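Peer 1: Input file: protein38.tsv. Contents: TSV, C-alpha atoms.
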chain	number	residue	atom	x	y	z
Q	1	MET	CA	36.26	-12.30	12.34
Q	2	THR	CA	35.61	-15.13	9.87
Q	3	LYS	CA	33.40	-14.70	6.82
Q	4	ARG	CA	30.84	-17.04	8.36
Q	5	LYS	CA	30.63	-14.98	11.56
Q	6	THR	CA	30.42	-11.76	9.56
Q	7	PHE	CA	27.58	-13.19	7.49
Q	8	LEU	CA	25.69	-14.39	10.59
Q	9	THR	CA	26.19	-11.01	12.29
Q	10	ASN	CA	24.89	-9.14	9.25
Q	11	LEU	CA	21.95	-11.54	8.95
Q	12	LEU	CA	20.96	-11.06	12.60
Q	13	ILE	CA	21.16	-7.27	12.27
Q	14	PHE	CA	19.09	-7.41	9.09
Q	15	LEU	CA	16.42	-9.62	10.71
Q	16	SER	CA	16.20	-7.21	13.66
Q	17	ILE	CA	15.64	-4.29	11.29
Q	18	LEU	CA	13.33	-6.14	8.90
Q	19	GLY	CA	9.79	-4.80	8.84
Q	20	PRO	CA	8.98	-1.24	7.75
Q	21	GLY	CA	9.88	-1.71	4.05
Q	22	ILE	CA	8.17	-5.09	3.66
Q	23	ILE	CA	5.04	-4.01	5.53
Q	24	THR	CA	4.69	-0.73	3.61
Q	25	GLY	CA	5.23	-2.49	0.30
Q	26	SER	CA	2.75	-5.26	1.16
Q	27	VAL	CA	0.03	-2.81	2.18
Q	28	ASP	CA	0.32	-1.45	-1.34
Q	29	ASN	CA	-1.52	-4.62	-2.43
Q	30	ASP	CA	-4.70	-3.64	-0.61
Q	31	ALA	CA	-8.30	-4.20	-1.73
Q	32	GLY	CA	-8.05	-1.36	-4.25
Q	33	GLY	CA	-4.76	-2.63	-5.64
Q	34	ILE	CA	-6.03	-6.21	-5.95
Q	35	THR	CA	-9.13	-4.94	-7.73
Q	36	THR	CA	-6.99	-2.95	-10.18
Q	37	TYR	CA	-4.74	-5.94	-10.95
Q	38	SER	CA	-7.70	-8.33	-11.24
Q	39	VAL	CA	-9.57	-6.11	-13.68
Q	40	ALA	CA	-6.34	-5.54	-15.67
Q	41	GLY	CA	-5.76	-9.28	-16.05
Q	42	ALA	CA	-9.37	-10.07	-16.86
Q	43	THR	CA	-9.69	-7.26	-19.42
Q	44	TYR	CA	-6.28	-7.21	-21.12
Q	45	GLY	CA	-4.77	-10.59	-20.32
Q	46	TYR	CA	-0.99	-10.54	-20.02
Q	47	LYS	CA	-0.58	-7.31	-22.01
Q	48	LEU	CA	-0.16	-5.06	-18.97
Q	49	LEU	CA	2.45	-7.08	-17.09
Q	50	TRP	CA	5.17	-4.70	-18.37
Q	51	THR	CA	3.71	-1.89	-16.24
Q	52	LEU	CA	5.00	-3.63	-13.12
Q	53	ILE	CA	8.59	-2.75	-14.08
Q	54	PRO	CA	8.15	1.07	-13.82
Q	55	SER	CA	5.93	0.48	-10.77
Q	56	PHE	CA	8.80	-1.35	-9.08
Q	57	ILE	CA	11.26	1.47	-9.84
Q	58	VAL	CA	8.87	4.14	-8.56
Q	59	LEU	CA	8.22	2.24	-5.34
Q	60	ILE	CA	11.92	1.80	-4.53
Q	61	VAL	CA	12.81	5.44	-5.25
Q	62	ILE	CA	10.08	6.92	-3.06
Q	63	GLN	CA	10.41	4.50	-0.15
Q	64	GLU	CA	14.20	4.81	-0.02
Q	65	MET	CA	13.90	8.59	0.39
Q	66	ASN	CA	11.30	8.16	3.15
Q	67	ALA	CA	13.42	5.67	5.04
Q	68	ARG	CA	16.55	7.84	4.72
Q	69	MET	CA	14.76	10.95	6.03
Q	70	GLY	CA	13.40	8.98	8.98
Q	71	VAL	CA	16.75	7.46	9.92
Q	72	VAL	CA	18.76	10.70	9.52
Q	73	THR	CA	16.36	13.15	11.19
Q	74	GLY	CA	14.60	10.89	13.68
Q	75	LYS	CA	11.44	12.78	12.73
Q	76	GLY	CA	8.35	11.78	10.79
Q	77	LEU	CA	7.37	13.36	7.50
Q	78	ALA	CA	4.43	15.13	9.15
Q	79	ASP	CA	6.69	16.69	11.75
Q	80	LEU	CA	9.13	17.90	9.08
Q	81	ILE	CA	6.35	19.39	6.95
Q	82	ARG	CA	4.99	21.36	9.93
Q	83	GLU	CA	8.42	22.65	10.93
Q	84	ASN	CA	9.41	23.72	7.42
Q	85	PHE	CA	6.15	24.77	5.74
Q	86	GLY	CA	4.04	26.09	8.63
Q	87	VAL	CA	0.96	25.06	10.60
Q	88	ARG	CA	-1.57	26.48	8.11
Q	89	VAL	CA	-0.25	24.42	5.17
Q	90	THR	CA	0.00	21.38	7.45
Q	91	PHE	CA	-3.61	21.77	8.59
Q	92	PHE	CA	-5.07	21.75	5.08
Q	93	ILE	CA	-2.86	18.88	3.91
Q	94	PHE	CA	-3.83	16.68	6.83
Q	95	LEU	CA	-7.50	17.58	6.75
Q	96	GLY	CA	-7.56	16.29	3.18
Q	97	LEU	CA	-5.53	13.20	4.12
Q	98	LEU	CA	-7.88	12.41	7.01
Q	99	ILE	CA	-10.95	12.51	4.77
Q	100	ALA	CA	-9.20	10.44	2.08
Q	101	ASP	CA	-7.98	7.84	4.56
Q	102	ILE	CA	-11.43	7.37	6.06
Q	103	GLY	CA	-12.60	6.57	2.53
Q	104	ASN	CA	-9.58	4.30	1.98
Q	105	THR	CA	-10.28	2.44	5.23
Q	106	ALA	CA	-13.93	1.97	4.24
Q	107	THR	CA	-12.71	0.46	0.96
Q	108	GLU	CA	-10.55	-2.02	2.90
Q	109	PHE	CA	-13.49	-3.13	5.04
Q	110	ALA	CA	-15.48	-3.50	1.83
Q	111	GLY	CA	-12.77	-5.95	0.75
Q	112	VAL	CA	-13.22	-7.87	4.01
Q	113	ALA	CA	-16.98	-8.01	3.39
Q	114	GLY	CA	-16.65	-9.10	-0.24
Q	115	SER	CA	-14.09	-11.83	0.43
Q	116	MET	CA	-16.11	-13.36	3.27
Q	117	GLU	CA	-19.35	-13.31	1.27
Q	118	ILE	CA	-17.68	-15.84	-1.06
Q	119	PHE	CA	-17.48	-18.18	1.95
Q	120	GLY	CA	-21.11	-17.45	2.85
Q	121	ILE	CA	-20.37	-15.17	5.82
Q	122	SER	CA	-22.44	-11.99	6.12
Q	123	LYS	CA	-20.68	-8.62	6.22
Q	124	TYR	CA	-22.81	-7.71	9.25
Q	125	ILE	CA	-20.94	-10.42	11.17
Q	126	MET	CA	-17.46	-10.34	9.64
Q	127	VAL	CA	-16.83	-6.60	9.33
Q	128	PRO	CA	-17.49	-5.79	13.02
Q	129	LEU	CA	-15.41	-8.83	14.08
Q	130	ALA	CA	-12.54	-7.76	11.80
Q	131	ALA	CA	-12.73	-4.20	13.13
Q	132	LEU	CA	-12.65	-5.46	16.74
Q	133	ALA	CA	-9.63	-7.69	15.99
Q	134	VAL	CA	-7.78	-4.75	14.41
Q	135	TRP	CA	-8.65	-2.48	17.35
Q	136	LEU	CA	-7.47	-5.01	19.95
Q	137	LEU	CA	-4.21	-5.65	18.07
Q	138	ILE	CA	-3.29	-1.96	18.05
Q	139	VAL	CA	-4.71	-0.76	21.38
Q	140	LYS	CA	-3.83	-3.79	23.52
Q	141	GLY	CA	-0.64	-4.81	21.72
Q	142	ASN	CA	2.63	-3.02	21.09
Q	143	TYR	CA	4.81	-2.25	18.07
Q	144	THR	CA	6.76	-5.53	18.28
Q	145	ILE	CA	3.61	-7.67	18.37
Q	146	ALA	CA	1.85	-5.65	15.67
Q	147	GLU	CA	4.89	-5.79	13.38
Q	148	LYS	CA	5.13	-9.58	13.70
Q	149	VAL	CA	1.45	-9.95	12.86
Q	150	PHE	CA	1.84	-7.61	9.88
Q	151	LEU	CA	4.85	-9.58	8.61
Q	152	ILE	CA	2.82	-12.81	8.82
Q	153	PHE	CA	0.03	-11.11	6.85
Q	154	SER	CA	2.64	-10.12	4.24
Q	155	VAL	CA	3.66	-13.77	3.79
Q	156	PHE	CA	0.02	-14.85	3.36
Q	157	LEU	CA	-0.29	-12.48	0.39
Q	158	LEU	CA	1.90	-14.96	-1.51
Q	159	SER	CA	-1.21	-17.17	-1.65
Q	160	TYR	CA	-1.85	-15.46	-4.98
Q	161	VAL	CA	1.12	-17.40	-6.37
Q	162	ILE	CA	-0.78	-20.62	-5.68
Q	163	SER	CA	-3.96	-19.27	-7.23
Q	164	ALA	CA	-2.06	-18.27	-10.38
Q	165	LEU	CA	-0.26	-21.60	-10.74
Q	166	LEU	CA	-3.57	-23.46	-10.44
Q	167	SER	CA	-4.83	-21.45	-13.42
Q	168	HIS	CA	-2.16	-23.02	-15.72
Q	169	PRO	CA	-0.74	-19.80	-17.26
Q	170	ASP	CA	0.95	-19.63	-20.66
Q	171	TRP	CA	4.53	-18.77	-19.68
Q	172	LYS	CA	5.71	-18.19	-23.25
Q	173	VAL	CA	3.08	-15.52	-23.83
Q	174	ILE	CA	3.87	-14.01	-20.43
Q	175	GLY	CA	7.55	-13.73	-21.35
Q	176	LYS	CA	6.75	-12.06	-24.68
Q	177	SER	CA	4.38	-9.62	-22.98
Q	178	ILE	CA	7.14	-8.44	-20.65
Q	179	ILE	CA	9.98	-8.36	-23.18
Q	180	LYS	CA	7.92	-6.82	-26.02
Q	181	PRO	CA	5.21	-4.69	-24.41
Q	182	THR	CA	2.30	-3.61	-26.56
Q	183	MET	CA	0.73	-0.17	-26.32
Q	184	SER	CA	-2.79	0.90	-27.19
Q	185	PHE	CA	-3.85	4.50	-27.08
Q	186	ASN	CA	-7.52	4.02	-26.34
Q	187	THR	CA	-8.95	5.49	-23.16
Q	188	GLY	CA	-9.60	2.15	-21.44
Q	189	TYR	CA	-6.08	0.82	-21.93
Q	190	LEU	CA	-4.38	4.07	-20.89
Q	191	SER	CA	-6.55	4.44	-17.80
Q	192	MET	CA	-5.66	0.89	-16.76
Q	193	VAL	CA	-1.93	1.58	-17.24
Q	194	ILE	CA	-2.26	4.69	-15.11
Q	195	GLY	CA	-4.27	2.77	-12.53
Q	196	ILE	CA	-1.60	0.08	-12.15
Q	197	VAL	CA	1.30	2.53	-11.84
Q	198	GLY	CA	-0.73	5.00	-9.78
Q	199	THR	CA	-1.88	2.43	-7.23
Q	200	THR	CA	1.79	1.93	-6.31
Q	201	ILE	CA	2.01	5.27	-4.51
Q	202	ALA	CA	-0.52	6.70	-2.06
Q	203	PRO	CA	0.07	9.80	0.12
Q	204	TRP	CA	-0.43	7.99	3.44
Q	205	MET	CA	2.27	5.41	2.59
Q	206	GLN	CA	5.00	8.04	2.71
Q	207	PHE	CA	4.07	8.99	6.27
Q	208	TYR	CA	3.74	5.39	7.47
Q	209	MET	CA	7.11	4.32	6.07
Q	210	GLN	CA	8.98	7.17	7.72
Q	211	SER	CA	7.15	6.86	11.04
Q	212	SER	CA	7.67	3.08	11.25
Q	213	VAL	CA	11.42	3.49	10.68
Q	214	ILE	CA	11.51	5.94	13.59
Q	215	GLU	CA	9.37	3.79	15.88
Q	216	LYS	CA	11.68	0.85	15.22
Q	217	GLY	CA	14.66	2.99	16.30
Q	218	ILE	CA	16.88	2.34	13.25
Q	219	LYS	CA	20.22	4.17	13.31
Q	220	ILE	CA	22.19	5.56	10.35
Q	221	GLU	CA	24.94	2.95	10.74
Q	222	ASP	CA	22.34	0.26	10.03
Q	223	TYR	CA	20.76	2.07	7.11
Q	224	LYS	CA	22.23	-0.33	4.53
Q	225	TYR	CA	20.05	-3.07	6.04
Q	226	THR	CA	16.99	-0.84	5.80
Q	227	ILE	CA	17.65	-0.44	2.06
Q	228	TRP	CA	17.45	-4.22	1.69
Q	229	ASP	CA	14.23	-4.21	3.70
Q	230	VAL	CA	12.82	-1.65	1.25
Q	231	VAL	CA	14.01	-3.60	-1.82
Q	232	ILE	CA	12.60	-6.91	-0.56
Q	233	GLY	CA	9.28	-5.20	0.24
Q	234	CYS	CA	9.11	-3.75	-3.26
Q	235	ILE	CA	9.95	-7.11	-4.85
Q	236	ALA	CA	7.23	-8.82	-2.79
Q	237	THR	CA	4.73	-6.15	-3.85
Q	238	VAL	CA	5.43	-6.59	-7.55
Q	239	VAL	CA	5.51	-10.41	-7.31
Q	240	VAL	CA	2.04	-10.47	-5.74
Q	241	ALA	CA	0.72	-8.02	-8.35
Q	242	PHE	CA	2.26	-10.14	-11.13
Q	243	PHE	CA	0.54	-13.33	-10.02
Q	244	ILE	CA	-2.84	-11.63	-9.50
Q	245	ILE	CA	-2.74	-10.40	-13.10
Q	246	VAL	CA	-1.59	-13.82	-14.31
Q	247	ALA	CA	-4.34	-15.65	-12.40
Q	248	CYS	CA	-7.07	-13.49	-13.91
Q	249	ALA	CA	-5.52	-13.38	-17.39
Q	250	SER	CA	-5.16	-17.18	-17.55
Q	251	THR	CA	-8.78	-17.84	-16.64
Q	252	LEU	CA	-11.11	-14.88	-16.98
Q	253	ASN	CA	-9.55	-13.17	-20.00
Q	254	VAL	CA	-9.25	-16.33	-22.14
Q	255	ASN	CA	-12.92	-17.05	-21.44
Q	256	GLY	CA	-14.11	-13.50	-22.11
Q	257	ILE	CA	-15.32	-12.90	-18.56
Q	258	LYS	CA	-15.50	-9.27	-17.42
Q	259	ILE	CA	-15.34	-8.22	-13.77
Q	260	ASN	CA	-15.72	-5.00	-11.79
Q	261	GLU	CA	-13.97	-5.89	-8.53
Q	262	ALA	CA	-11.70	-8.46	-6.87
Q	263	LYS	CA	-14.64	-10.36	-5.36
Q	264	ASP	CA	-15.97	-11.01	-8.86
Q	265	ALA	CA	-12.60	-12.49	-9.83
Q	266	ALA	CA	-12.62	-14.94	-6.91
Q	267	MET	CA	-16.15	-16.08	-7.75
Q	268	ALA	CA	-15.43	-16.41	-11.48
Q	269	LEU	CA	-12.33	-18.53	-10.83
Q	270	ARG	CA	-14.40	-21.31	-9.25
Q	271	PRO	CA	-15.77	-22.94	-12.41
Q	272	LEU	CA	-12.61	-22.19	-14.41
Q	273	ALA	CA	-9.69	-23.07	-12.12
Q	274	GLY	CA	-11.45	-24.99	-9.38
Q	275	GLU	CA	-12.67	-24.46	-5.82
Q	276	LEU	CA	-9.16	-24.25	-4.37
Q	277	ALA	CA	-8.03	-21.46	-6.71
Q	278	SER	CA	-11.19	-19.49	-5.96
Q	279	SER	CA	-10.87	-19.95	-2.19
Q	280	VAL	CA	-7.17	-19.06	-2.18
Q	281	PHE	CA	-7.88	-15.89	-4.19
Q	282	ALA	CA	-10.68	-14.89	-1.79
Q	283	PHE	CA	-8.47	-15.64	1.21
Q	284	GLY	CA	-5.74	-13.42	-0.23
Q	285	LEU	CA	-8.27	-10.61	-0.65
Q	286	PHE	CA	-9.38	-11.02	2.97
Q	287	ILE	CA	-5.81	-10.95	4.31
Q	288	ALA	CA	-4.89	-7.92	2.18
Q	289	SER	CA	-8.03	-6.05	3.22
Q	290	ILE	CA	-7.77	-6.65	6.96
Q	291	PHE	CA	-4.02	-5.98	6.81
Q	292	SER	CA	-4.58	-2.57	5.21
Q	293	ALA	CA	-7.59	-1.87	7.44
Q	294	ALA	CA	-5.18	-2.07	10.38
Q	295	ILE	CA	-2.31	-0.08	8.83
Q	296	LEU	CA	-4.31	2.80	7.34
Q	297	PRO	CA	-5.98	4.08	10.54
Q	298	VAL	CA	-2.70	3.66	12.46
Q	299	ALA	CA	-0.75	5.59	9.84
Q	300	THR	CA	-3.37	8.34	9.70
Q	301	ALA	CA	-3.62	8.74	13.48
Q	302	PHE	CA	0.18	8.70	13.75
Q	303	TYR	CA	0.99	11.40	11.24
Q	304	ILE	CA	-1.87	13.70	12.24
Q	305	CYS	CA	-0.90	13.53	15.92
Q	306	GLU	CA	2.75	13.94	14.98
Q	307	ALA	CA	1.95	16.99	12.85
Q	308	PHE	CA	0.19	18.78	15.70
Q	309	GLY	CA	2.46	17.77	18.56
Q	310	PHE	CA	0.41	15.02	20.24
Q	311	GLU	CA	1.94	11.81	21.57
Q	312	ALA	CA	1.60	8.95	19.08
Q	313	GLY	CA	2.72	5.36	18.61
Q	314	ILE	CA	1.61	1.78	19.14
Q	315	ASP	CA	4.15	1.43	21.96
Q	316	LYS	CA	2.38	4.18	23.91
Q	317	ARG	CA	-0.32	3.23	26.43
Q	318	LEU	CA	-3.87	4.50	26.03
Q	319	ASP	CA	-3.42	7.09	28.78
Q	320	GLU	CA	-0.08	8.22	27.30
Q	321	ALA	CA	-1.45	8.94	23.81
Q	322	PRO	CA	-5.23	9.51	24.16
Q	323	GLU	CA	-5.48	11.63	20.99
Q	324	PHE	CA	-3.71	8.96	18.92
Q	325	TYR	CA	-5.97	6.13	20.06
Q	326	THR	CA	-9.12	8.25	19.92
Q	327	LEU	CA	-8.44	9.20	16.29
Q	328	PHE	CA	-7.50	5.60	15.39
Q	329	THR	CA	-10.76	4.32	16.92
Q	330	ALA	CA	-12.88	7.04	15.30
Q	331	ILE	CA	-11.53	6.25	11.80
Q	332	ILE	CA	-12.38	2.54	12.21
Q	333	ILE	CA	-15.88	3.25	13.55
Q	334	ILE	CA	-16.73	5.67	10.72
Q	335	ALA	CA	-15.34	3.32	8.05
Q	336	VAL	CA	-17.25	0.32	9.43
Q	337	ALA	CA	-20.45	2.35	9.70
Q	338	ILE	CA	-20.17	3.30	6.02
Q	339	ILE	CA	-19.77	-0.35	4.95
Q	340	LEU	CA	-22.72	-1.54	7.06
Q	341	ILE	CA	-25.12	1.00	5.51
Q	342	PRO	CA	-27.35	-0.98	3.13
Q	343	HIS	CA	-26.64	-0.11	-0.52
Q	344	ALA	CA	-23.84	2.29	0.42
Q	345	PRO	CA	-22.35	3.92	-2.72
Q	346	LEU	CA	-18.97	2.21	-2.36
Q	347	ILE	CA	-17.90	2.79	-5.96
Q	348	THR	CA	-18.59	6.52	-5.62
Q	349	ILE	CA	-16.69	6.63	-2.31
Q	350	THR	CA	-13.74	4.81	-3.90
Q	351	ILE	CA	-13.62	7.18	-6.89
Q	352	TRP	CA	-13.76	10.34	-4.79
Q	353	THR	CA	-11.18	8.95	-2.38
Q	354	GLN	CA	-8.91	8.27	-5.35
Q	355	VAL	CA	-9.45	11.80	-6.65
Q	356	LEU	CA	-8.63	13.30	-3.25
Q	357	ASN	CA	-5.49	11.15	-3.05
Q	358	GLY	CA	-4.59	12.46	-6.49
Q	359	ILE	CA	-4.93	16.07	-5.38
Q	360	LEU	CA	-2.80	15.50	-2.27
Q	361	LEU	CA	-0.10	13.34	-3.86
Q	362	PRO	CA	1.73	16.18	-5.69
Q	363	VAL	CA	1.85	18.26	-2.50
Q	364	VAL	CA	3.31	15.38	-0.48
Q	365	LEU	CA	5.86	14.36	-3.13
Q	366	ILE	CA	7.10	17.91	-3.74
Q	367	SER	CA	7.38	18.44	0.03
Q	368	MET	CA	9.45	15.26	0.27
Q	369	MET	CA	11.82	16.29	-2.52
Q	370	LEU	CA	12.38	19.73	-0.96
Q	371	LEU	CA	12.99	18.24	2.48
Q	372	VAL	CA	15.35	15.47	1.36
Q	373	ASN	CA	17.49	18.08	-0.44
Q	374	ASN	CA	17.66	20.48	2.52
Q	375	LYS	CA	21.21	20.30	3.93
Q	376	GLU	CA	20.10	21.82	7.25
Q	377	ILE	CA	17.82	18.81	7.70
Q	378	MET	CA	19.71	16.00	5.97
Q	379	GLY	CA	23.36	17.12	6.20
Q	380	LYS	CA	25.58	14.97	3.97
Q	381	TYR	CA	22.67	12.58	3.35
Q	382	VAL	CA	20.86	14.83	0.87
Q	383	ASN	CA	20.02	13.31	-2.50
Q	384	SER	CA	22.85	12.77	-4.96
Q	385	PRO	CA	22.40	14.28	-8.47
Q	386	VAL	CA	21.35	10.86	-9.77
Q	387	LYS	CA	18.81	10.38	-6.99
Q	388	ASN	CA	17.50	13.89	-7.61
Q	389	LEU	CA	17.07	13.16	-11.30
Q	390	ILE	CA	15.23	9.92	-10.56
Q	391	GLY	CA	13.24	11.51	-7.72
Q	392	TRP	CA	12.05	14.56	-9.69
Q	393	VAL	CA	11.30	12.53	-12.83
Q	394	THR	CA	9.34	10.05	-10.67
Q	395	THR	CA	7.49	12.91	-9.00
Q	396	ILE	CA	6.64	14.61	-12.32
Q	397	VAL	CA	5.54	11.33	-13.93
Q	398	LEU	CA	3.39	10.38	-10.94
Q	399	ILE	CA	1.79	13.82	-10.83
Q	400	SER	CA	1.07	13.64	-14.58
Q	401	LEU	CA	-0.37	10.13	-14.34
Q	402	THR	CA	-2.48	11.09	-11.34
Q	403	ALA	CA	-3.83	14.15	-13.14
Q	404	ILE	CA	-4.78	12.03	-16.16
Q	405	LEU	CA	-6.34	9.39	-13.90
Q	406	MET	CA	-8.44	12.05	-12.19
Q	407	VAL	CA	-9.68	13.24	-15.60
Q	408	PHE	CA	-10.51	9.65	-16.59
Q	409	SER	CA	-12.45	9.22	-13.33
Q	410	PHE	CA	-14.97	11.79	-14.56
Q	411	VAL	CA	-15.12	10.67	-18.21
Go through the file and emit its structure as structure tokens.
Peer 2:
Amino acid sequence: MTKRKTFLTNLLIFLSILGPGIITGSVDNDAGGITTYSVAGATYGYKLLWTLIPSFIVLIVIQEMNARMGVVTGKGLADLIRENFGVRVTFFIFLGLLIADIGNTATEFAGVAGSMEIFGISKYIMVPLAALAVWLLIVKGNYTIAEKVFLIFSVFLLSYVISALLSHPDWKVIGKSIIKPTMSFNTGYLSMVIGIVGTTIAPWMQFYMQSSVIEKGIKIEDYKYTIWDVVIGCIATVVVAFFIIVACASTLNVNGIKINEAKDAAMALRPLAGELASSVFAFGLFIASIFSAAILPVATAFYICEAFGFEAGIDKRLDEAPEFYTLFTAIIIIAVAIILIPHAPLITITIWTQVLNGILLPVVLISMMLLVNNKEIMGKYVNSPVKNLIGWVTTIVLISLTAILMVFSFV
């Protein structure tokens, strides 16, 4: 076989496998992530760009382990936790995850509402329409259709590159900020560092990544292509985060403008970088929010049904997986209802959701590390010593950062 044919064959295989890593990585830039990056850029300018380097490393390490477990075992993380740690432990973990993910989904619909308000569209119109579109995509579609839509959404997140370029950033200062990072030890700066790194990993992401690899039917002989899918997804995640920070640093920070959420950033960009930059930023927030509002309820319904032995999956019909679709629908309805309540305490909901995620994250990460090192489960595909070192250090660092972030949430 010629080199050209080999390349084309590898490319076709890769394109057929492409999806789980990019989608999981892209969902990381949800409404909460965009808010974190926007506030970081507006408050500290380019000074926090260096944090994206450890964020990138953390994301790759965790997602690679998830993908490997899914490919080798053919089982989701929820299924493995139940089989190895018992039903009682599983019940309490997933009860907490369900509550947290309802809060997370409400936050995503809040992003939909905020982004559309910039275009003069009421949340009482847009949020129900967005929820209906998400519901129809999952319930009436299948995995292939949903994955294609999600991949298109991922591409649209690159709109933040345009928004950043329109803000005329100072590339020399950006380069210095990355090469020679500055550290401040005041509470505000440290909490923002923790927020940026911490927003990279959420408990539900680990379950979605592993389940999507299984639903796509990836085999161990094609795992090398899955690694590239994971790497590309992580690169896309960090690139989007980079340009969000740059856009806000180049406009809001240099003009001393403070913001509290991503919607504020889009509105503040209008007089500083022009109507196009503002609209593109708001559009990116909308796409990210509706994207995550679709993924979160699906992931939650999938891993809860998987954990307790119910049929689950987008490829299943409504009558084949009634528990899966009932739970998916219920999460969307509750989240939408919260957003449509006048003067709903969204900031409080977001904080408590973040705290609950922080409590659950150590349990999920430690479970993952124990499972991926179990030879009865993984065979010869257990972690190497190097991967174990990176994995445990990543787990310890993330747990420490999450614990500090939880403390800061109450200060």
Peer 1: What does the distance between CA of Val155 (chain Q) and CA of Thr237 (chain Q) come to in Å, to one decimal place?
Peer 2: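 Result for CA of Val155 (chain Q) versus CA of Thr237 (chain Q): 10.8 Å, one decimal.
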Peer 1: Find, counting all atoms listed in the file, the residue in Q:Ile196, Q:Leu137, Q:Ala337, Q:Leu48 that gets nearest to Ile295 (chain Q).
Peer 2: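 Checking each candidate against Ile295 (chain Q), we get Q:Leu137 as the closest.
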Peer 1: Just how far from CA of Val238 (chain Q) is CA of Ala42 (chain Q), in Å to one decimal?
Peer 2: 17.8 Å
Peer 1: Using CA of Pro342 (chain Q) and CA of Asn104 (chain Q) as the two end points, give the distance in Å to one decimal.
Peer 2: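 Straight-line distance from CA of Pro342 (chain Q) to CA of Asn104 (chain Q) works out to 18.6 Å.
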Peer 1: Smallest atom-to-atom distance to Leu365 (chain Q): which of Q:Val246, Q:Ile232, Q:Leu166, Q:Ile201, using all atoms listed in the file?
Peer 2: Q:Ile201
Peer 1: So, counting all atoms listed in the file, which residue among Q:Gly195, Q:Gly33, Q:Pro297, Q:Pro385 is closest to Val134 (chain Q)?
Peer 2: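 Nearest to Val134 (chain Q): Q:Pro297.
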Peer 1: Could you name the residues that touch Val254 (chain Q) at 10 Å or less, counting all atoms listed in the file, but leaving out those on the same chain fewer than 6 positions away, as a VMD selection string?
Peer 2: chain Q and resid 41 to 45 248
Peer 1: Write the residues of the selection above to a file with C-alpha atoms, as an mmCIF file, in the coordinates of the input.
Peer 2:
data_model
loop_
_atom_site.group_PDB
_atom_site.id
_atom_site.type_symbol
_atom_site.label_atom_id
_atom_site.label_comp_id
_atom_site.auth_asym_id
_atom_site.auth_seq_id
_atom_site.Cartn_x
_atom_site.Cartn_y
_atom_site.Cartn_z
ATOM 1 C CA GLY Q 41 -5.760 -9.280 -16.050
ATOM 2 C CA ALA Q 42 -9.370 -10.070 -16.860
ATOM 3 C CA THR Q 43 -9.690 -7.260 -19.420
ATOM 4 C CA TYR Q 44 -6.280 -7.210 -21.120
ATOM 5 C CA GLY Q 45 -4.770 -10.590 -20.320
ATOM 6 C CA CYS Q 248 -7.070 -13.490 -13.910
#
Peer 1: I'd like the neighbourhood of Val139 (chain Q) as an mmCIF file with C-alpha atoms, in the frame of the given file, where a residue qualifies if any of its atoms comes within 8 Å (using all atoms listed in the file), though same-chain residues fewer than 2 positions away should be ignored.
Peer 2:
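Below is the file result-v5.cif, written as the result:
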data_model
loop_
_atom_site.group_PDB
_atom_site.id
_atom_site.type_symbol
_atom_site.label_atom_id
_atom_site.label_comp_id
_atom_site.auth_asym_id
_atom_site.auth_seq_id
_atom_site.Cartn_x
_atom_site.Cartn_y
_atom_site.Cartn_z
ATOM 1 C CA TRP Q 135 -8.650 -2.480 17.350
ATOM 2 C CA LEU Q 136 -7.470 -5.010 19.950
ATOM 3 C CA LEU Q 137 -4.210 -5.650 18.070
ATOM 4 C CA GLY Q 141 -0.640 -4.810 21.720
ATOM 5 C CA ASN Q 142 2.630 -3.020 21.090
ATOM 6 C CA ILE Q 314 1.610 1.780 19.140
ATOM 7 C CA ARG Q 317 -0.320 3.230 26.430
ATOM 8 C CA LEU Q 318 -3.870 4.500 26.030
ATOM 9 C CA TYR Q 325 -5.970 6.130 20.060
#
Peer 1: So, counting only C-alpha atoms, which residue among Q:Lys140, Q:Lys176, Q:Arg68, Q:Lys258 is closest to Ser211 (chain Q)?
Peer 2: Q:Arg68
Peer 1: When distances are computed from all atoms listed in the file, which of Q:Leu356, Q:Val382, Q:Ile404, Q:Leu276 shows the smallest separation from Ile102 (chain Q)?
Peer 2: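 When distances to Ile102 (chain Q) are compared using all atoms listed in the file, the smallest one comes from Q:Leu356.
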